[in-house]
$ cat start01.cif   # mmCIF, C-alpha atoms
data_run
loop_
_atom_site.label_atom_id
_atom_site.label_comp_id
_atom_site.auth_asym_id
_atom_site.auth_seq_id
_atom_site.Cartn_x
_atom_site.Cartn_y
_atom_site.Cartn_z
CA MET A 1031 32.17 -17.97 33.97
CA GLY A 1032 29.19 -20.28 34.22
CA ASP A 1033 26.67 -21.52 31.68
CA ILE A 1034 25.56 -19.38 28.85
CA VAL A 1035 21.94 -18.25 28.69
CA TYR A 1036 20.55 -17.12 25.36
CA LEU A 1037 17.79 -14.55 25.53
CA ARG A 1038 15.62 -13.58 22.64
CA MET A 1039 13.30 -10.70 23.37
CA LYS A 1040 9.77 -10.79 21.99
CA LYS A 1041 9.17 -7.86 19.73
CA ASN A 1042 5.60 -7.15 20.71
CA LEU A 1043 3.44 -8.21 23.59
CA GLU A 1044 -0.22 -7.48 24.09
CA LEU A 1045 -1.70 -7.63 27.55
CA SER A 1046 -5.25 -7.03 28.57
CA ALA A 1047 -4.75 -6.44 32.29
CA LEU A 1048 -2.37 -4.80 34.70
CA GLN A 1049 -0.14 -7.63 35.81
CA GLU A 1050 3.33 -8.63 36.81
CA ILE A 1051 5.59 -9.52 33.94
CA GLN A 1052 7.97 -12.42 34.28
CA LEU A 1053 10.96 -13.03 32.11
CA LYS A 1054 9.24 -15.81 30.19
CA ASP A 1055 6.49 -13.37 29.16
CA ILE A 1056 8.82 -11.11 27.25
CA ALA A 1057 11.69 -13.36 26.21
CA PHE A 1058 12.50 -16.82 24.96
CA ILE A 1059 15.18 -18.49 26.99
CA SER A 1060 17.61 -21.19 25.95
CA THR A 1061 20.19 -22.57 28.32
CA SER A 1062 21.80 -25.78 29.48
CA SER A 1063 21.82 -24.49 33.03
CA SER A 1064 19.59 -26.17 35.57
CA LYS A 1065 18.25 -22.81 36.64
CA LYS A 1066 16.08 -22.37 33.59
CA ARG A 1067 12.80 -22.68 35.50
CA GLU A 1068 13.97 -20.19 38.04
CA LEU A 1069 15.03 -17.79 35.33
CA GLU A 1070 11.72 -18.02 33.54
CA ASN A 1071 9.75 -17.01 36.57
CA ILE A 1072 11.85 -14.11 37.67
CA PRO A 1073 9.68 -10.97 37.91
CA ILE A 1074 10.81 -8.17 35.65
CA TYR A 1075 8.25 -5.44 35.84
CA ARG A 1076 4.90 -4.67 37.36
CA ILE A 1077 2.56 -2.77 35.14
CA THR A 1078 0.65 -0.06 36.95
CA LYS A 1079 -1.99 2.45 35.94
CA LYS A 1080 0.78 5.03 35.54
CA ASP A 1081 2.20 3.22 32.55
CA LYS A 1082 -0.87 4.13 30.49
CA ASN A 1083 -0.88 1.82 27.50
CA ILE A 1084 2.66 1.39 26.27
CA VAL A 1085 5.72 0.14 28.11
CA ILE A 1086 9.11 -0.48 26.56
CA ILE A 1087 11.29 -3.05 28.29
CA GLU A 1088 14.91 -2.61 27.35
CA SER A 1089 17.03 -5.75 27.22
CA PHE A 1090 19.94 -3.98 28.87
CA LEU A 1091 17.90 -3.37 32.02
CA ILE A 1092 16.84 -7.01 32.12
CA ILE A 1093 20.38 -8.27 31.82
CA ASP A 1094 21.49 -5.72 34.36
CA HIS A 1095 18.85 -7.02 36.75
CA ILE A 1096 19.32 -10.76 36.28
CA ASN A 1097 23.07 -10.44 36.41
CA THR A 1098 22.76 -9.38 40.01
CA VAL A 1099 20.46 -12.31 40.79
CA PHE A 1100 22.31 -15.09 38.95
CA GLU A 1101 25.92 -14.34 39.47
CA ASN A 1102 27.48 -17.26 37.66
CA LEU A 1103 25.48 -17.20 34.44
CA GLU A 1104 26.50 -15.48 31.28
CA PHE A 1105 23.78 -13.84 29.20
CA GLN A 1106 23.75 -13.54 25.46
CA LEU A 1107 21.13 -11.48 23.73
CA ILE A 1108 19.84 -12.45 20.31
CA GLY A 1109 17.04 -10.79 18.39
CA PRO A 1110 15.41 -7.44 19.13
CA ALA A 1111 16.85 -5.23 21.84
CA GLN A 1112 13.56 -4.25 23.39
CA THR A 1113 10.02 -5.44 23.86
CA ILE A 1114 7.02 -3.24 23.29
CA ILE A 1115 4.21 -4.03 25.68
CA ARG A 1116 0.81 -2.76 24.74
CA ILE A 1117 -1.88 -2.76 27.36
CA LYS A 1118 -5.25 -3.07 25.75
CA LYS A 1119 -8.35 -2.27 27.65
CA LYS A 1120 -11.24 -4.40 26.53
CA ARG A 1121 -11.97 -3.05 23.12
CA LYS A 1122 -15.50 -2.25 22.19
CA LYS A 1123 -16.61 -4.00 19.07
CA THR A 1124 -16.46 -1.63 16.14
CA SER A 1125 -20.04 -0.80 15.33
CA VAL A 1126 -21.55 -1.86 12.04
CA LEU A 1127 -22.84 1.66 11.54
CA LEU A 1128 -19.35 3.12 11.68
CA ILE A 1129 -18.08 0.59 9.22
CA ALA A 1130 -21.00 1.28 6.91
CA CYS A 1131 -20.24 5.01 7.13
CA ILE A 1132 -16.58 4.53 6.25
CA TRP A 1133 -17.54 2.15 3.47
CA LEU A 1134 -19.89 4.73 2.03
CA LEU A 1135 -17.32 7.47 2.43
CA LEU A 1136 -14.71 5.51 0.54
CA PHE A 1137 -17.26 4.45 -2.08
CA VAL A 1138 -18.59 7.91 -2.87
CA GLY A 1139 -15.15 9.47 -2.46
CA THR A 1140 -13.54 7.13 -4.95
CA ALA A 1141 -16.42 7.52 -7.38
CA MET A 1142 -16.08 11.31 -7.30
CA THR A 1143 -12.31 11.17 -7.54
CA ILE A 1144 -12.39 8.98 -10.61
CA MET A 1145 -14.96 11.29 -12.27
CA ASN A 1146 -12.82 14.32 -11.55
CA PHE A 1147 -9.80 12.47 -12.86
CA HIS A 1148 -11.62 11.70 -16.11
CA TYR A 1149 -12.51 15.37 -16.54
CA ASP A 1150 -9.00 16.41 -15.66
CA VAL A 1151 -7.50 14.34 -18.45
CA SER A 1152 -10.40 15.01 -20.90
CA MET A 1153 -11.07 11.32 -21.25
CA GLN A 1154 -14.39 11.81 -23.03
CA GLU A 1155 -12.67 13.63 -25.90
CA VAL A 1156 -9.84 11.14 -26.09
CA GLN A 1157 -12.29 8.27 -26.27
CA GLN A 1158 -14.40 10.03 -28.90
CA LYS A 1159 -11.31 10.44 -31.02
CA LEU A 1160 -10.30 6.86 -30.39
CA HIS A 1161 -13.74 5.70 -31.46
CA TYR A 1162 -13.39 7.56 -34.74
CA LEU A 1163 -9.86 6.32 -35.19
CA LEU A 1164 -10.71 2.68 -34.74
CA THR A 1165 -14.14 2.45 -36.36
CA GLY A 1166 -14.30 5.41 -38.72
CA GLU A 1167 -17.57 6.65 -37.20
CA GLN A 1168 -18.10 9.75 -35.13
CA ASN A 1169 -19.86 9.00 -31.87
CA GLU A 1170 -20.38 11.49 -29.11
CA PHE A 1171 -20.91 8.76 -26.53
CA PRO A 1172 -18.47 5.92 -27.29
CA LEU A 1173 -20.03 3.49 -24.83
CA TRP A 1174 -18.43 0.51 -26.56
CA ILE A 1175 -15.14 1.63 -25.18
CA GLN A 1176 -16.31 3.28 -21.99
CA ILE A 1177 -18.24 0.44 -20.36
CA PRO A 1178 -15.44 -2.15 -20.78
CA TYR A 1179 -13.10 0.56 -19.55
CA SER A 1180 -15.12 0.95 -16.37
CA ILE A 1181 -15.10 -2.78 -15.71
CA GLY A 1182 -11.39 -2.84 -16.44
CA LEU A 1183 -10.85 -0.17 -13.79
CA GLY A 1184 -12.19 -2.58 -11.19
CA LEU A 1185 -10.12 -5.47 -12.54
CA GLY A 1186 -6.95 -3.39 -12.43
CA THR A 1187 -7.52 -2.43 -8.82
CA LEU A 1188 -8.19 -6.06 -8.01
CA LEU A 1189 -5.01 -7.14 -9.73
CA PHE A 1190 -2.97 -4.50 -7.95
CA PHE A 1191 -4.22 -5.36 -4.49
CA ASN A 1192 -4.40 -9.08 -5.18
CA HIS A 1193 -7.66 -9.57 -3.31
CA TRP A 1194 -11.31 -10.33 -3.92
CA PHE A 1195 -13.12 -9.82 -0.61
CA ASN A 1196 -11.41 -12.27 1.71
CA LYS A 1197 -10.01 -14.42 -1.03
CA ARG A 1198 -6.49 -13.85 -2.27
CA PHE A 1199 -5.03 -15.11 -5.52
CA ASN A 1200 -1.61 -16.12 -4.29
CA GLU A 1201 0.63 -16.09 -1.23
CA GLU A 1202 2.35 -12.81 -1.96
CA PRO A 1203 1.38 -9.98 0.40
CA SER A 1204 -0.49 -7.17 -1.31
CA PRO A 1205 1.09 -3.70 -1.47
CA LEU A 1206 -1.52 -2.50 0.99
CA GLU A 1207 -0.49 -5.07 3.57
CA VAL A 1208 3.16 -4.17 3.06
CA GLU A 1209 2.25 -0.52 3.50
CA ILE A 1210 0.40 -1.20 6.75
CA TYR A 1211 3.31 -3.31 7.99
CA ASN A 1212 5.78 -0.55 7.20
CA TYR A 1213 3.64 1.98 9.00
CA GLN A 1214 3.46 -0.26 12.06
CA GLN A 1215 7.23 -0.74 11.90
CA ASP A 1216 7.77 3.01 11.85
CA LEU A 1217 5.48 3.47 14.84
CA ASP A 1218 7.36 0.75 16.74
CA ASN A 1219 10.70 2.34 15.95
CA TYR A 1220 9.45 5.67 17.18
CA LEU A 1221 8.16 4.14 20.40
CA THR A 1222 11.30 2.15 21.15
CA HIS A 1223 13.25 5.34 20.81
CA TYR A 1224 11.10 7.88 22.61
CA GLU A 1225 9.39 5.76 25.26
CA ASN A 1226 12.73 4.33 26.34
CA LYS A 1227 14.23 5.77 29.49
CA LEU A 1228 17.69 4.73 28.35
CA ASN A 1229 17.45 7.15 25.45
CA ASP A 1230 17.08 10.23 27.63
CA THR A 1231 19.48 12.87 26.43
CA LYS A 1232 19.77 14.61 29.78
CA PRO A 1233 23.05 13.98 31.62
CA ALA A 1234 22.89 11.62 34.54
CA ASP A 1235 22.44 13.29 37.91
CA MET B 1276 14.96 30.89 -46.87
CA ILE B 1277 17.60 30.93 -44.17
CA GLN B 1278 15.14 32.45 -41.80
CA SER B 1279 12.53 29.74 -42.33
CA LEU B 1280 15.23 27.09 -41.98
CA LEU B 1281 16.26 28.66 -38.73
CA ILE B 1282 12.67 28.71 -37.49
CA ASN B 1283 12.26 25.08 -38.46
CA PHE B 1284 15.44 24.23 -36.65
CA ILE B 1285 14.21 26.02 -33.53
CA GLN B 1286 10.94 24.11 -33.76
CA ILE B 1287 12.78 20.82 -34.02
CA PHE B 1288 14.89 21.74 -31.07
CA ILE B 1289 11.93 22.79 -28.91
CA GLY B 1290 9.95 19.70 -29.89
CA PHE B 1291 12.84 17.38 -29.18
CA ALA B 1292 13.64 19.01 -25.86
CA GLY B 1293 10.00 18.88 -24.81
CA GLY B 1294 9.81 15.24 -25.84
CA ILE B 1295 12.84 14.32 -23.76
CA ALA B 1296 11.45 16.10 -20.71
CA VAL B 1297 7.98 14.57 -21.03
CA GLY B 1298 9.32 11.09 -21.83
CA ALA B 1299 11.67 11.08 -18.85
CA GLY B 1300 8.92 12.43 -16.62
CA PHE B 1301 6.45 9.84 -17.83
CA VAL B 1302 8.78 6.93 -17.23
CA ALA B 1303 9.72 8.32 -13.82
CA PHE B 1304 6.02 8.53 -13.00
CA LEU B 1305 5.44 4.92 -14.02
CA THR B 1306 8.46 3.82 -12.01
CA VAL B 1307 7.40 5.65 -8.88
CA LEU B 1308 3.95 4.08 -9.02
CA GLY B 1309 5.51 0.64 -9.29
CA ILE B 1310 2.96 -0.84 -11.64
CA ILE B 1311 5.53 -2.73 -13.69
CA PRO B 1312 7.22 -4.33 -10.65
CA ARG B 1313 3.77 -5.26 -9.40
CA LEU B 1314 2.86 -6.95 -12.68
CA ILE B 1315 6.20 -8.76 -12.74
CA GLN B 1316 5.66 -9.92 -9.19
CA LEU B 1317 2.19 -11.21 -10.00
CA SER B 1318 3.24 -13.01 -13.16
CA LYS B 1319 6.68 -14.10 -11.88
CA THR B 1320 8.44 -12.97 -15.06
CA GLU B 1321 11.51 -11.13 -13.78
CA LYS B 1322 13.40 -12.33 -16.84
CA LEU B 1323 11.21 -10.28 -19.15
CA LEU B 1324 11.96 -6.94 -17.52
CA LYS B 1325 13.76 -5.64 -20.60
CA ALA B 1326 10.87 -6.69 -22.85
CA TYR B 1327 8.48 -4.71 -20.65
CA GLY B 1328 10.69 -1.67 -20.98
CA VAL B 1329 10.49 -1.99 -24.76
CA CYS B 1330 6.70 -2.36 -24.47
CA VAL B 1331 6.48 0.92 -22.60
CA ILE B 1332 8.58 2.71 -25.20
CA PHE B 1333 6.48 1.39 -28.09
CA GLY B 1334 3.27 2.19 -26.24
CA LEU B 1335 4.50 5.70 -25.71
CA LEU B 1336 5.34 6.10 -29.40
CA LEU B 1337 2.00 4.64 -30.51
CA GLY B 1338 0.13 6.98 -28.16
CA THR B 1339 2.04 9.96 -29.50
CA PHE B 1340 1.29 8.91 -33.06
CA LEU B 1341 -2.41 8.47 -32.32
CA SER B 1342 -2.77 11.83 -30.64
CA PHE B 1343 -1.11 13.74 -33.50
CA THR B 1344 -2.73 12.09 -36.50
CA ASN B 1345 -6.26 11.88 -37.81
CA VAL B 1346 -6.25 8.51 -39.53
CA THR B 1347 -9.00 5.94 -39.13
CA TRP B 1348 -8.71 2.19 -39.29
CA ASN B 1349 -12.35 1.20 -39.91
CA GLN B 1350 -12.45 -1.66 -37.46
CA HIS B 1351 -15.42 -3.36 -35.84
CA ALA B 1352 -16.67 -2.18 -32.45
CA ILE B 1353 -15.36 -5.38 -30.83
CA ILE B 1354 -11.87 -3.93 -30.96
CA LEU B 1355 -13.17 -1.00 -28.91
CA VAL B 1356 -14.28 -3.37 -26.15
CA PHE B 1357 -10.87 -4.99 -26.07
CA TRP B 1358 -9.12 -1.63 -26.09
CA GLY B 1359 -11.42 -0.27 -23.39
CA ILE B 1360 -10.85 -3.15 -21.03
CA LEU B 1361 -7.06 -2.92 -21.32
CA HIS B 1362 -7.25 0.82 -20.79
CA GLY B 1363 -9.42 0.27 -17.73
CA ILE B 1364 -7.16 -2.33 -16.14
CA PHE B 1365 -4.15 -0.12 -16.56
CA ASN B 1366 -5.92 2.93 -15.17
CA GLY B 1367 -7.30 0.89 -12.31
CA MET B 1368 -3.80 -0.16 -11.33
CA LEU B 1369 -2.60 3.39 -11.72
CA ALA B 1370 -5.32 4.81 -9.50
CA ALA B 1371 -4.85 2.03 -6.96
CA ALA B 1372 -1.14 2.76 -6.81
CA LEU B 1373 -1.86 6.45 -6.32
CA THR B 1374 -4.14 5.97 -3.34
CA GLU B 1375 -1.55 3.67 -1.86
CA VAL B 1376 1.23 6.18 -2.30
CA LEU B 1377 -0.85 8.66 -0.34
CA ASN B 1378 -0.63 6.29 2.62
CA VAL B 1379 -4.12 7.15 3.70
CA PHE B 1380 -5.25 3.65 4.34
CA PRO B 1381 -2.84 2.41 7.01
CA ILE B 1382 -3.66 5.47 9.07
CA LEU B 1383 -7.36 5.19 8.50
CA TYR B 1384 -7.38 1.57 9.57
CA LYS B 1385 -5.27 2.13 12.65
CA ARG B 1386 -7.09 5.22 13.89
CA ILE B 1387 -10.62 4.08 13.38
CA GLY B 1388 -9.82 0.48 14.19
CA VAL B 1389 -11.34 -1.24 11.23
CA GLU B 1390 -8.29 -3.41 10.61
CA LYS B 1391 -10.41 -6.53 10.41
CA TYR B 1392 -12.58 -5.03 7.70
CA MET B 1393 -9.69 -3.84 5.56
CA LEU B 1394 -10.71 -5.93 2.59
CA TRP B 1395 -14.26 -4.65 2.73
CA MET B 1396 -12.87 -1.15 2.56
CA LEU B 1397 -10.81 -2.17 -0.43
CA MET B 1398 -13.99 -3.40 -2.10
CA ALA B 1399 -15.59 -0.01 -1.42
CA ILE B 1400 -12.81 1.60 -3.43
CA LEU B 1401 -13.13 -0.94 -6.20
CA PHE B 1402 -16.89 -0.60 -6.56
CA GLY B 1403 -16.67 3.16 -6.13
CA LYS B 1404 -14.37 3.36 -9.10
CA VAL B 1405 -16.51 1.16 -11.31
CA ALA B 1406 -19.76 2.85 -10.27
CA GLY B 1407 -18.36 6.36 -10.63
CA SER B 1408 -16.97 5.62 -14.04
CA LEU B 1409 -20.14 3.93 -15.31
CA PHE B 1410 -22.30 6.71 -13.91
CA GLN B 1411 -20.22 9.32 -15.63
CA TRP B 1412 -20.30 7.72 -19.08
CA VAL B 1413 -23.88 6.47 -19.06
CA PHE B 1414 -25.74 9.32 -17.33
CA PHE B 1415 -23.56 12.22 -16.38
CA VAL B 1416 -22.13 13.33 -19.70
CA LYS B 1417 -25.49 13.18 -21.47
#
$ encode --input "start01.cif" --output "structure tokens"
Amino acid sequence: MGDIVYLRMKKNLELSALQEIQLKDIAFISTSSSKKRELENIPIYRITKKDKNIVIIESFLIIDHINTVFENLEFQLIGPAQTIIRIKKKRKKTSVLLIACIWLLLFVGTAMTIMNFHYDVSMQEVQQKLHYLLTGEQNEFPLWIQIPYSIGLGLGTLLFFNHWFNKRFNEEPSPLEVEIYNYQQDLDNYLTHYENKLNDTKPAD
Amino acid sequence: MIQSLLINFIQIFIGFAGGIAVGAGFVAFLTVLGIIPRLIQLSKTEKLLKAYGVCVIFGLLLGTFLSFTNVTWNQHAIILVFWGILHGIFNGMLAAALTEVLNVFPILYKRIGVEKYMLWMLMAILFGKVAGSLFQWVFFVK
């Protein structure tokens, strides 16, 4: 057997145009062989209109292909088993109006939700009782407790998400970012399974 | 005599059983929302996990005591401000955790493509909560 070539597939690749993909586009290559340059430039796949916007390149097919071209190299795969290629048409800039609409939707929605929540748990009554309990005076509108409470609501949210506009308090990712990452991971898993021709369950012809 | 003892015993049993169910449910709820892990992560105090557990238990007992008695402590209104702000922070975290559990946001951001403005959207939620709450207490209930 000849030299060993280590291949590490890239997990995600974003392309903006239909183009030919070479090995170096979708994988990192490490080898002591003198054929490294040649390997890097070997064409793997040509993206056509038919591919729509997602292509999965399976490492098995790559190895299968380059094995026939470079007969005396041995290939070792490290890292992910497939690359997800996303073809992005030029994206329109998200309009400010849309963002303003969503902002307003979230704003009013959250405001209403919190009001409904307060009614649901009879917070007014609880706070009236608390006011009497702590101060010994009856007060139908215990604003001394309610206004700090409202400010505290904001602080709590801030603390939980660990963000103030674009500023973050420490390096830890916020739960929201973790959630978005997990969601993306799930989508990728789904794609690598169902967009992969090697996972067809039909028997070979 | 025996009958009233029996009724008392049944009451004790029902109360105790209800307490166990509610207590377990409450702690499960807190755990699912992950507020305590989040606070530990922010303050880097993994060592104090047991102390936090004790805090929750005492908080639970204090809350139960307060809701079943009619005492008054005759304190100044300042203590209300302090109490209110703690209450608010906790509820804010609770509500934030709830929206997150619903997983609405990742989908919203991906579908509508406002990923870059995620933090602005977060601020909408934050201000919405504060504004809604203030509006309710200052104008709505009157």
$ interface_residues --input "start01.cif" --of "chain A" --to "chain B" --cutoff "6 Å" --atoms "all atoms listed in the file" --output "PyMOL selection string"
chain A and resi 1133+1136-1137+1140-1141+1163-1166+1174-1175+1178-1180+1182-1187+1190+1195+1210
$ atom_distance --input "start01.cif" --atom1 "atom CA of A:Glu1088" --atom2 "atom CA of A:Ala1111"
6.4 Å
$ axis_aligned_box --input "start01.cif" --around "stretch 1295-1303 of chain B" --padding-each-side "4 Å" --output "AutoDock Vina command-line options"
--center_x 9.6 --center_y 11.5 --center_z -18.8 --size_x 14.4 --size_y 17.2 --size_z 17.9
$ residues_around --input "start01.cif" --residues "stretch 1101-1108 of chain A" --least-positions-apart "3" --cutoff "12 Å" --atoms "all atoms listed in the file" --output "ChimeraX atom specification"
/A:1031-1041,1057-1066,1069,1088-1090,1092-1098,1111-1112
$ resolve_selection --input "start01.cif" --expression "the PyMOL selection byres ((chain B and resi 1289-1305) around 12)" --output "CSV table (one decimal) with C-alpha atoms, in the frame of the given file"
chain,number,residue,atom,x,y,z
B,1282,ILE,CA,12.7,28.7,-37.5
B,1283,ASN,CA,12.3,25.1,-38.5
B,1284,PHE,CA,15.4,24.2,-36.6
B,1285,ILE,CA,14.2,26.0,-33.5
B,1286,GLN,CA,10.9,24.1,-33.8
B,1287,ILE,CA,12.8,20.8,-34.0
B,1288,PHE,CA,14.9,21.7,-31.1
B,1306,THR,CA,8.5,3.8,-12.0
B,1307,VAL,CA,7.4,5.6,-8.9
B,1308,LEU,CA,4.0,4.1,-9.0
B,1309,GLY,CA,5.5,0.6,-9.3
B,1310,ILE,CA,3.0,-0.8,-11.6
B,1311,ILE,CA,5.5,-2.7,-13.7
B,1312,PRO,CA,7.2,-4.3,-10.6
B,1313,ARG,CA,3.8,-5.3,-9.4
B,1328,GLY,CA,10.7,-1.7,-21.0
B,1329,VAL,CA,10.5,-2.0,-24.8
B,1330,CYS,CA,6.7,-2.4,-24.5
B,1331,VAL,CA,6.5,0.9,-22.6
B,1332,ILE,CA,8.6,2.7,-25.2
B,1333,PHE,CA,6.5,1.4,-28.1
B,1334,GLY,CA,3.3,2.2,-26.2
B,1335,LEU,CA,4.5,5.7,-25.7
B,1336,LEU,CA,5.3,6.1,-29.4
B,1338,GLY,CA,0.1,7.0,-28.2
B,1339,THR,CA,2.0,10.0,-29.5
B,1365,PHE,CA,-4.2,-0.1,-16.6
B,1366,ASN,CA,-5.9,2.9,-15.2
B,1368,MET,CA,-3.8,-0.2,-11.3
B,1369,LEU,CA,-2.6,3.4,-11.7
B,1370,ALA,CA,-5.3,4.8,-9.5
B,1372,ALA,CA,-1.1,2.8,-6.8
B,1373,LEU,CA,-1.9,6.4,-6.3
B,1376,VAL,CA,1.2,6.2,-2.3
$ atom_distance --input "start01.cif" --atom1 "atom CA of A:Val1156" --atom2 "atom CA of A:Ile1144"
15.8 Å
$ resolve_selection --input "start01.cif" --expression "the PyMOL selection byres ((chain A and resi 1118) around 7)" --output "list of chain:residue names"
A:Glu1044, A:Leu1045, A:Ser1046, A:Asn1083, A:Arg1116, A:Ile1117, A:Lys1119, A:Lys1120
$ atom_distance --input "start01.cif" --atom1 "atom CA of A:Lys1082" --atom2 "atom CA of A:Ala1047"
11.4 Å
$ build_atoms --input "start01.cif" --residues "stretch 1378-1395 of chain B" --atoms "N, CA, C and O atoms" --output "mmCIF file, in the coordinates of the input"
data_model
loop_
_atom_site.group_PDB
_atom_site.id
_atom_site.type_symbol
_atom_site.label_atom_id
_atom_site.label_comp_id
_atom_site.auth_asym_id
_atom_site.auth_seq_id
_atom_site.Cartn_x
_atom_site.Cartn_y
_atom_site.Cartn_z
ATOM 1 N N ASN B 1378 -0.751 6.857 1.269
ATOM 2 C CA ASN B 1378 -0.630 6.290 2.620
ATOM 3 C C ASN B 1378 -1.817 6.581 3.506
ATOM 4 O O ASN B 1378 -1.689 6.646 4.723
ATOM 5 N N VAL B 1379 -2.941 6.813 2.899
ATOM 6 C CA VAL B 1379 -4.120 7.150 3.700
ATOM 7 C C VAL B 1379 -4.621 5.930 4.448
ATOM 8 O O VAL B 1379 -4.998 6.009 5.613
ATOM 9 N N PHE B 1380 -4.562 4.799 3.786
ATOM 10 C CA PHE B 1380 -5.250 3.650 4.340
ATOM 11 C C PHE B 1380 -4.677 3.096 5.642
ATOM 12 O O PHE B 1380 -5.439 2.862 6.569
ATOM 13 N N PRO B 1381 -3.354 2.923 5.734
ATOM 14 C CA PRO B 1381 -2.840 2.410 7.010
ATOM 15 C C PRO B 1381 -3.304 3.265 8.181
ATOM 16 O O PRO B 1381 -3.708 2.754 9.222
ATOM 17 N N ILE B 1382 -3.289 4.565 7.979
ATOM 18 C CA ILE B 1382 -3.660 5.470 9.070
ATOM 19 C C ILE B 1382 -5.143 5.360 9.380
ATOM 20 O O ILE B 1382 -5.549 5.246 10.529
ATOM 21 N N LEU B 1383 -5.917 5.331 8.315
ATOM 22 C CA LEU B 1383 -7.360 5.190 8.500
ATOM 23 C C LEU B 1383 -7.692 3.936 9.303
ATOM 24 O O LEU B 1383 -8.468 3.962 10.246
ATOM 25 N N TYR B 1384 -7.075 2.830 8.914
ATOM 26 C CA TYR B 1384 -7.380 1.570 9.570
ATOM 27 C C TYR B 1384 -6.958 1.581 11.029
ATOM 28 O O TYR B 1384 -7.665 1.114 11.904
ATOM 29 N N LYS B 1385 -5.774 2.135 11.291
ATOM 30 C CA LYS B 1385 -5.270 2.130 12.650
ATOM 31 C C LYS B 1385 -6.106 3.039 13.551
ATOM 32 O O LYS B 1385 -6.465 2.687 14.652
ATOM 33 N N ARG B 1386 -6.409 4.235 13.051
ATOM 34 C CA ARG B 1386 -7.090 5.220 13.890
ATOM 35 C C ARG B 1386 -8.520 4.790 14.193
ATOM 36 O O ARG B 1386 -8.990 4.903 15.300
ATOM 37 N N ILE B 1387 -9.210 4.377 13.167
ATOM 38 C CA ILE B 1387 -10.620 4.080 13.380
ATOM 39 C C ILE B 1387 -10.798 2.642 13.829
ATOM 40 O O ILE B 1387 -11.843 2.244 14.313
ATOM 41 N N GLY B 1388 -9.761 1.848 13.700
ATOM 42 C CA GLY B 1388 -9.820 0.480 14.190
ATOM 43 C C GLY B 1388 -10.680 -0.447 13.372
ATOM 44 O O GLY B 1388 -11.449 -1.234 13.900
ATOM 45 N N VAL B 1389 -10.570 -0.326 12.065
ATOM 46 C CA VAL B 1389 -11.340 -1.240 11.230
ATOM 47 C C VAL B 1389 -10.399 -2.228 10.542
ATOM 48 O O VAL B 1389 -10.667 -2.679 9.444
ATOM 49 N N GLU B 1390 -9.296 -2.542 11.217
ATOM 50 C CA GLU B 1390 -8.290 -3.410 10.610
ATOM 51 C C GLU B 1390 -8.883 -4.698 10.050
ATOM 52 O O GLU B 1390 -8.508 -5.171 8.990
ATOM 53 N N LYS B 1391 -9.829 -5.253 10.813
ATOM 54 C CA LYS B 1391 -10.410 -6.530 10.410
ATOM 55 C C LYS B 1391 -11.204 -6.421 9.112
ATOM 56 O O LYS B 1391 -11.394 -7.381 8.399
ATOM 57 N N TYR B 1392 -11.693 -5.200 8.849
ATOM 58 C CA TYR B 1392 -12.580 -5.030 7.700
ATOM 59 C C TYR B 1392 -11.850 -4.387 6.531
ATOM 60 O O TYR B 1392 -12.464 -3.848 5.633
ATOM 61 N N MET B 1393 -10.509 -4.495 6.576
ATOM 62 C CA MET B 1393 -9.690 -3.840 5.560
ATOM 63 C C MET B 1393 -10.129 -4.198 4.149
ATOM 64 O O MET B 1393 -10.248 -3.344 3.280
ATOM 65 N N LEU B 1394 -10.392 -5.498 3.942
ATOM 66 C CA LEU B 1394 -10.710 -5.930 2.590
ATOM 67 C C LEU B 1394 -12.061 -5.400 2.130
ATOM 68 O O LEU B 1394 -12.253 -5.102 0.959
ATOM 69 N N TRP B 1395 -12.966 -5.244 3.088
ATOM 70 C CA TRP B 1395 -14.260 -4.650 2.730
ATOM 71 C C TRP B 1395 -14.058 -3.223 2.264
ATOM 72 O O TRP B 1395 -14.693 -2.757 1.320
#
